[in-house]
Amino acid sequence: MSRKKTPKSKGGSAPATSALPATHGSRPVRPGTARPGPDAPPNGPPQPGRSSLGGGGDFYDVAFKVMLVGDSGVGKTCLLVRFKDGAFLAGTFISTVGIDFRIWDTAGQERFRSVTHAYYRDAHALLLLYDITNKASFDSIQAWLTEIQEYAQHDVVLMLLGNKVDSAQERVVKREDGEKLAKEYGLPFMETSAKTGLNVDLAFMAIAKELKQRCMKAPSEPRFQLHDYVKREGRGASCCKP
Ligand SMILES: Nc1nc2c(ncn2[C@@H]2O[C@H](COP(=O)(O)OP(=O)(O)OP(=O)(O)O)[C@@H](O)[C@H]2O)c(=O)[nH]1
Ligand SMILES: [Mg+2]
């Protein structure tokens, strides 16, 4: 997959959540750490001449709200930073349709949990992380899934990630255990490393592809298979290349 540096935002400093200013034609994806209220509108500003997919305005862009969730310390912020600093390219599939991809980095600490709930409601996708060097974070996954079931949309795109796979010496959660849990809940699963970048772009890309196809797939197009894509494209922990 080719990569390009994401252009800097024009028009002054953008809030952490924001999308790039709209441009006609190709529009790069720019992930951000979102911090406005939970009811922030999912779509960017209206763009004259662009078709609306979000309902209401005369514009083309669609913003997806993606959240990173999981226990404190599993690496949510690092994963997002790794993704951003990896000069993420919109990828052809996004730049041609003009999708905004906003990422909300949440706090894993228990005391912030009630705040986080409020943000689930309009999330389109959730990346649920545990730390492969921390058994408690893995054990929490079921509780996270219960919360997600309770607060998120029933059709939210969900992916399970076992992070810190670079720390092989400290591993306490086997890859197979992650796979088993994911299978049990019917979730796509990957092991990642925010440190080396292993599978980081892939995780976000897979989510983006799934979201894009949900709203833009032509009836004749074959359905994007998220599970298969992740299985096919995911790299093993032993691989040194991100
Ligand atoms: N070795 C290794 N360390 C990581 C990785 N990702 C994160 N860390 C470390 O784990 C610690 C916690 O990372 P954060 O990204 O702040 O964790 P968080 O999930 O955002 O935590 P909260 O914001 O408290 O919910 C930091 O010391 C990171 O350096 C990784 O992939 N590999
Ligand atoms: Mg954090």
# chains A, B, ... in the order shown; residues from 1 in each chain; ligands from 1
>>> residues_near_ligand(ligand="ligand 1", cutoff="7 Å", atoms="only C-alpha atoms and all ligand atoms", output="PDB file with N, CA, C and O atoms, in the first residue's frame")
ATOM      1  N   GLY A  70     -10.296   0.292  26.243  1.00  0.00           N
ATOM      2  CA  GLY A  70      -9.543  -0.764  26.913  1.00  0.00           C
ATOM      3  C   GLY A  70      -8.971  -0.224  28.210  1.00  0.00           C
ATOM      4  O   GLY A  70      -8.981   0.993  28.441  1.00  0.00           O
ATOM      5  N   ASP A  71      -8.459  -1.125  29.029  1.00  0.00           N
ATOM      6  CA  ASP A  71      -7.931  -0.731  30.338  1.00  0.00           C
ATOM      7  C   ASP A  71      -6.854   0.347  30.224  1.00  0.00           C
ATOM      8  O   ASP A  71      -6.198   0.473  29.190  1.00  0.00           O
ATOM      9  N   SER A  72      -6.660   1.007  31.321  1.00  0.00           N
ATOM     10  CA  SER A  72      -5.601   2.019  31.371  1.00  0.00           C
ATOM     11  C   SER A  72      -4.241   1.350  31.167  1.00  0.00           C
ATOM     12  O   SER A  72      -3.966   0.289  31.747  1.00  0.00           O
ATOM     13  N   GLY A  73      -3.435   1.950  30.328  1.00  0.00           N
ATOM     14  CA  GLY A  73      -2.070   1.462  30.136  1.00  0.00           C
ATOM     15  C   GLY A  73      -1.896   0.431  29.035  1.00  0.00           C
ATOM     16  O   GLY A  73      -0.780  -0.031  28.778  1.00  0.00           O
ATOM     17  N   VAL A  74      -2.961   0.058  28.365  1.00  0.00           N
ATOM     18  CA  VAL A  74      -2.827  -0.962  27.312  1.00  0.00           C
ATOM     19  C   VAL A  74      -2.170  -0.408  26.045  1.00  0.00           C
ATOM     20  O   VAL A  74      -1.717  -1.166  25.190  1.00  0.00           O
ATOM     21  N   GLY A  75      -2.164   0.922  25.948  1.00  0.00           N
ATOM     22  CA  GLY A  75      -1.472   1.539  24.816  1.00  0.00           C
ATOM     23  C   GLY A  75      -2.370   2.249  23.816  1.00  0.00           C
ATOM     24  O   GLY A  75      -1.976   2.449  22.667  1.00  0.00           O
ATOM     25  N   LYS A  76      -3.534   2.681  24.248  1.00  0.00           N
ATOM     26  CA  LYS A  76      -4.481   3.332  23.332  1.00  0.00           C
ATOM     27  C   LYS A  76      -3.891   4.613  22.744  1.00  0.00           C
ATOM     28  O   LYS A  76      -3.911   4.831  21.537  1.00  0.00           O
ATOM     29  N   THR A  77      -3.381   5.451  23.634  1.00  0.00           N
ATOM     30  CA  THR A  77      -2.834   6.725  23.163  1.00  0.00           C
ATOM     31  C   THR A  77      -1.624   6.473  22.262  1.00  0.00           C
ATOM     32  O   THR A  77      -1.481   7.095  21.201  1.00  0.00           O
ATOM     33  N   CYS A  78      -0.794   5.540  22.668  1.00  0.00           N
ATOM     34  CA  CYS A  78       0.403   5.248  21.861  1.00  0.00           C
ATOM     35  C   CYS A  78       0.021   4.707  20.480  1.00  0.00           C
ATOM     36  O   CYS A  78       0.673   5.014  19.491  1.00  0.00           O
ATOM     37  N   LEU A  79      -1.015   3.905  20.440  1.00  0.00           N
ATOM     38  CA  LEU A  79      -1.444   3.351  19.157  1.00  0.00           C
ATOM     39  C   LEU A  79      -1.902   4.461  18.219  1.00  0.00           C
ATOM     40  O   LEU A  79      -1.569   4.485  17.036  1.00  0.00           O
ATOM     41  N   THR A 106      -9.815   7.369  24.413  1.00  0.00           N
ATOM     42  CA  THR A 106     -10.520   7.450  25.695  1.00  0.00           C
ATOM     43  C   THR A 106      -9.587   7.092  26.854  1.00  0.00           C
ATOM     44  O   THR A 106      -8.524   6.513  26.646  1.00  0.00           O
ATOM     45  N   ALA A 107     -10.016   7.445  28.037  1.00  0.00           N
ATOM     46  CA  ALA A 107      -9.255   7.090  29.236  1.00  0.00           C
ATOM     47  C   ALA A 107      -9.693   5.712  29.693  1.00  0.00           C
ATOM     48  O   ALA A 107     -10.881   5.408  29.748  1.00  0.00           O
ATOM     49  N   GLY A 108      -8.722   4.891  30.046  1.00  0.00           N
ATOM     50  CA  GLY A 108      -9.070   3.544  30.494  1.00  0.00           C
ATOM     51  C   GLY A 108      -9.337   3.474  31.984  1.00  0.00           C
ATOM     52  O   GLY A 108      -9.862   2.486  32.488  1.00  0.00           O
ATOM     53  N   GLN A 109      -8.958   4.516  32.678  1.00  0.00           N
ATOM     54  CA  GLN A 109      -9.107   4.475  34.132  1.00  0.00           C
ATOM     55  C   GLN A 109     -10.581   4.406  34.537  1.00  0.00           C
ATOM     56  O   GLN A 109     -11.422   5.119  33.996  1.00  0.00           O
ATOM     57  N   ASN A 163      -2.174  -5.606  22.206  1.00  0.00           N
ATOM     58  CA  ASN A 163      -1.071  -4.672  21.940  1.00  0.00           C
ATOM     59  C   ASN A 163       0.197  -5.044  22.724  1.00  0.00           C
ATOM     60  O   ASN A 163       0.163  -5.868  23.619  1.00  0.00           O
ATOM     61  N   LYS A 164       1.287  -4.397  22.363  1.00  0.00           N
ATOM     62  CA  LYS A 164       2.629  -4.561  22.959  1.00  0.00           C
ATOM     63  C   LYS A 164       3.260  -5.889  22.580  1.00  0.00           C
ATOM     64  O   LYS A 164       3.989  -6.496  23.359  1.00  0.00           O
ATOM     65  N   VAL A 165       2.988  -6.315  21.374  1.00  0.00           N
ATOM     66  CA  VAL A 165       3.492  -7.613  20.945  1.00  0.00           C
ATOM     67  C   VAL A 165       5.013  -7.596  20.769  1.00  0.00           C
ATOM     68  O   VAL A 165       5.650  -8.646  20.693  1.00  0.00           O
ATOM     69  N   ASP A 166       5.580  -6.415  20.766  1.00  0.00           N
ATOM     70  CA  ASP A 166       7.050  -6.320  20.728  1.00  0.00           C
ATOM     71  C   ASP A 166       7.690  -6.837  22.017  1.00  0.00           C
ATOM     72  O   ASP A 166       8.855  -7.231  22.026  1.00  0.00           O
ATOM     73  N   SER A 167       6.935  -6.838  23.111  1.00  0.00           N
ATOM     74  CA  SER A 167       7.487  -7.243  24.410  1.00  0.00           C
ATOM     75  C   SER A 167       7.354  -8.751  24.603  1.00  0.00           C
ATOM     76  O   SER A 167       6.655  -9.221  25.513  1.00  0.00           O
ATOM     77  N   THR A 192      -0.830  -6.232  17.931  1.00  0.00           N
ATOM     78  CA  THR A 192      -0.238  -4.986  17.420  1.00  0.00           C
ATOM     79  C   THR A 192       0.924  -4.547  18.309  1.00  0.00           C
ATOM     80  O   THR A 192       1.085  -5.028  19.432  1.00  0.00           O
ATOM     81  N   SER A 193       1.676  -3.624  17.776  1.00  0.00           N
ATOM     82  CA  SER A 193       2.674  -2.955  18.610  1.00  0.00           C
ATOM     83  C   SER A 193       2.697  -1.481  18.243  1.00  0.00           C
ATOM     84  O   SER A 193       3.040  -1.116  17.115  1.00  0.00           O
ATOM     85  N   ALA A 194       2.343  -0.668  19.227  1.00  0.00           N
ATOM     86  CA  ALA A 194       2.447   0.778  18.990  1.00  0.00           C
ATOM     87  C   ALA A 194       3.914   1.161  18.923  1.00  0.00           C
ATOM     88  O   ALA A 194       4.274   2.164  18.320  1.00  0.00           O
ATOM     89  N   LYS A 195       4.753   0.333  19.518  1.00  0.00           N
ATOM     90  CA  LYS A 195       6.183   0.643  19.551  1.00  0.00           C
ATOM     91  C   LYS A 195       6.839   0.448  18.181  1.00  0.00           C
ATOM     92  O   LYS A 195       7.547   1.306  17.692  1.00  0.00           O
ATOM     93  N   THR A 196       6.580  -0.694  17.576  1.00  0.00           N
ATOM     94  CA  THR A 196       7.197  -0.961  16.272  1.00  0.00           C
ATOM     95  C   THR A 196       6.281  -0.590  15.109  1.00  0.00           C
ATOM     96  O   THR A 196       6.720  -0.481  13.979  1.00  0.00           O
TER      97      THR A 196
END
>>> residues_around(residues="Glu170 (chain A)", least_positions_apart="4", cutoff="9 Å", atoms="only C-alpha atoms", output="list in words")
Ile132, Thr133 and Asn134 of chain A
>>> write_last_selection(atoms="N, CA and C atoms", output="PDB file, in the first residue's frame")
ATOM      1  N   ILE A 132      -0.765  -7.534  25.907  1.00  0.00           N
ATOM      2  CA  ILE A 132      -0.384  -8.960  25.983  1.00  0.00           C
ATOM      3  C   ILE A 132       0.564  -9.244  27.158  1.00  0.00           C
ATOM      4  N   THR A 133       1.074  -8.191  27.778  1.00  0.00           N
ATOM      5  CA  THR A 133       1.955  -8.380  28.937  1.00  0.00           C
ATOM      6  C   THR A 133       1.200  -8.167  30.256  1.00  0.00           C
ATOM      7  N   ASN A 134      -0.102  -8.003  30.150  1.00  0.00           N
ATOM      8  CA  ASN A 134      -0.906  -7.703  31.337  1.00  0.00           C
ATOM      9  C   ASN A 134      -2.191  -8.539  31.313  1.00  0.00           C
TER      10      ASN A 134
END
>>> residues_around(residues="region 202-208 of chain A", least_positions_apart="5", cutoff="8 Å", atoms="only C-alpha atoms", output="PyMOL selection string")
chain A and resi 101+125+157+190+226+229-230+233-234
>>> closest_residue(among="A:Phe138, A:Leu129, A:Trp144, A:Phe64", to="ligand 2", atoms="only C-alpha atoms and all ligand atoms")
A:Leu129
>>> atom_distance(atom1="CA of His117 (chain A)", atom2="CA of Val69 (chain A)")
10.5 Å
>>> atom_distance(atom1="CA of Leu127 (chain A)", atom2="CA of Val173 (chain A)")
18.2 Å
>>> select_by_dssp(residues="region 71-227 of chain A", states="strand (DSSP E)", output="VMD selection string")
chain A and resid 99 to 105 125 to 131 157 to 163 189 to 191
>>> write_last_selection(atoms="N, CA and C atoms", output="PDB file, in the first residue's frame")
ATOM      1  N   ILE A  99     -13.674  10.747   2.961  1.00  0.00           N
ATOM      2  CA  ILE A  99     -14.159  10.357   4.281  1.00  0.00           C
ATOM      3  C   ILE A  99     -13.282  10.961   5.361  1.00  0.00           C
ATOM      4  N   ASP A 100     -13.900  11.447   6.357  1.00  0.00           N
ATOM      5  CA  ASP A 100     -13.181  11.854   7.547  1.00  0.00           C
ATOM      6  C   ASP A 100     -13.133  10.681   8.488  1.00  0.00           C
ATOM      7  N   PHE A 101     -12.017  10.543   9.106  1.00  0.00           N
ATOM      8  CA  PHE A 101     -11.836   9.406   9.987  1.00  0.00           C
ATOM      9  C   PHE A 101     -11.381   9.989  11.314  1.00  0.00           C
ATOM     10  N   ARG A 102     -12.277  10.119  12.245  1.00  0.00           N
ATOM     11  CA  ARG A 102     -11.926  10.770  13.507  1.00  0.00           C
ATOM     12  C   ARG A 102     -11.764   9.721  14.592  1.00  0.00           C
ATOM     13  N   ILE A 103     -10.724   9.882  15.313  1.00  0.00           N
ATOM     14  CA  ILE A 103     -10.443   8.860  16.318  1.00  0.00           C
ATOM     15  C   ILE A 103     -10.465   9.467  17.696  1.00  0.00           C
ATOM     16  N   TRP A 104     -11.184   8.836  18.546  1.00  0.00           N
ATOM     17  CA  TRP A 104     -11.371   9.319  19.906  1.00  0.00           C
ATOM     18  C   TRP A 104     -10.584   8.432  20.848  1.00  0.00           C
ATOM     19  N   ASP A 105      -9.645   9.050  21.486  1.00  0.00           N
ATOM     20  CA  ASP A 105      -8.810   8.321  22.434  1.00  0.00           C
ATOM     21  C   ASP A 105      -9.452   8.473  23.810  1.00  0.00           C
ATOM     22  N   ALA A 125     -17.161   2.815  15.169  1.00  0.00           N
ATOM     23  CA  ALA A 125     -16.231   1.688  15.316  1.00  0.00           C
ATOM     24  C   ALA A 125     -15.485   1.799  16.637  1.00  0.00           C
ATOM     25  N   LEU A 126     -15.158   0.659  17.183  1.00  0.00           N
ATOM     26  CA  LEU A 126     -14.408   0.614  18.435  1.00  0.00           C
ATOM     27  C   LEU A 126     -13.226  -0.327  18.276  1.00  0.00           C
ATOM     28  N   LEU A 127     -12.067   0.168  18.648  1.00  0.00           N
ATOM     29  CA  LEU A 127     -10.899  -0.696  18.722  1.00  0.00           C
ATOM     30  C   LEU A 127     -10.707  -1.023  20.192  1.00  0.00           C
ATOM     31  N   LEU A 128     -10.894  -2.277  20.538  1.00  0.00           N
ATOM     32  CA  LEU A 128     -10.819  -2.696  21.931  1.00  0.00           C
ATOM     33  C   LEU A 128      -9.455  -3.339  22.178  1.00  0.00           C
ATOM     34  N   LEU A 129      -8.694  -2.717  23.053  1.00  0.00           N
ATOM     35  CA  LEU A 129      -7.314  -3.161  23.267  1.00  0.00           C
ATOM     36  C   LEU A 129      -7.107  -3.858  24.607  1.00  0.00           C
ATOM     37  N   TYR A 130      -6.234  -4.844  24.591  1.00  0.00           N
ATOM     38  CA  TYR A 130      -5.638  -5.317  25.835  1.00  0.00           C
ATOM     39  C   TYR A 130      -4.133  -5.344  25.611  1.00  0.00           C
ATOM     40  N   ASP A 131      -3.430  -5.582  26.705  1.00  0.00           N
ATOM     41  CA  ASP A 131      -1.970  -5.581  26.668  1.00  0.00           C
ATOM     42  C   ASP A 131      -1.514  -7.029  26.849  1.00  0.00           C
ATOM     43  N   VAL A 157     -18.780  -1.318  14.474  1.00  0.00           N
ATOM     44  CA  VAL A 157     -17.682  -2.173  13.994  1.00  0.00           C
ATOM     45  C   VAL A 157     -16.699  -2.326  15.149  1.00  0.00           C
ATOM     46  N   LEU A 158     -16.379  -3.543  15.442  1.00  0.00           N
ATOM     47  CA  LEU A 158     -15.575  -3.802  16.634  1.00  0.00           C
ATOM     48  C   LEU A 158     -14.395  -4.693  16.276  1.00  0.00           C
ATOM     49  N   MET A 159     -13.233  -4.339  16.797  1.00  0.00           N
ATOM     50  CA  MET A 159     -12.053  -5.179  16.568  1.00  0.00           C
ATOM     51  C   MET A 159     -11.265  -5.323  17.863  1.00  0.00           C
ATOM     52  N   LEU A 160     -10.770  -6.515  18.100  1.00  0.00           N
ATOM     53  CA  LEU A 160      -9.990  -6.778  19.311  1.00  0.00           C
ATOM     54  C   LEU A 160      -8.501  -6.734  18.960  1.00  0.00           C
ATOM     55  N   LEU A 161      -7.750  -5.975  19.743  1.00  0.00           N
ATOM     56  CA  LEU A 161      -6.315  -5.871  19.499  1.00  0.00           C
ATOM     57  C   LEU A 161      -5.517  -6.234  20.743  1.00  0.00           C
ATOM     58  N   GLY A 162      -4.569  -7.122  20.583  1.00  0.00           N
ATOM     59  CA  GLY A 162      -3.630  -7.448  21.658  1.00  0.00           C
ATOM     60  C   GLY A 162      -2.364  -6.636  21.418  1.00  0.00           C
ATOM     61  N   ASN A 163      -2.174  -5.606  22.206  1.00  0.00           N
ATOM     62  CA  ASN A 163      -1.071  -4.672  21.940  1.00  0.00           C
ATOM     63  C   ASN A 163       0.197  -5.044  22.724  1.00  0.00           C
ATOM     64  N   PHE A 189      -9.462 -10.026  14.966  1.00  0.00           N
ATOM     65  CA  PHE A 189      -8.425  -9.913  15.994  1.00  0.00           C
ATOM     66  C   PHE A 189      -7.045  -9.777  15.374  1.00  0.00           C
ATOM     67  N   MET A 190      -6.246  -8.954  16.011  1.00  0.00           N
ATOM     68  CA  MET A 190      -4.850  -8.839  15.605  1.00  0.00           C
ATOM     69  C   MET A 190      -4.008  -8.514  16.817  1.00  0.00           C
ATOM     70  N   GLU A 191      -2.755  -8.897  16.741  1.00  0.00           N
ATOM     71  CA  GLU A 191      -1.808  -8.407  17.729  1.00  0.00           C
ATOM     72  C   GLU A 191      -1.064  -7.230  17.111  1.00  0.00           C
TER      73      GLU A 191
END
>>> residues_around(residues="Arg214 (chain A)", least_positions_apart="2", cutoff="12 Å", atoms="only C-alpha atoms", output="list in words")
Leu53, Val62, Phe64, His124, Ala125, Asp155, Val156, Val157, Ile207, Ala208, Lys209, Glu210, Leu211, Lys212, Met216, Lys217, Ala218, Pro219, Glu221, Pro222, Arg223, Phe224, Gln225 and Leu226 of chain A
>>> closest_residue(among="A:Val66, A:Asp177, A:Arg232, A:Leu80", to="ligand 2", atoms="only C-alpha atoms and all ligand atoms")
A:Leu80
>>> atom_distance(atom1="CA of Tyr120 (chain A)", atom2="CA of Glu176 (chain A)")
28.4 Å
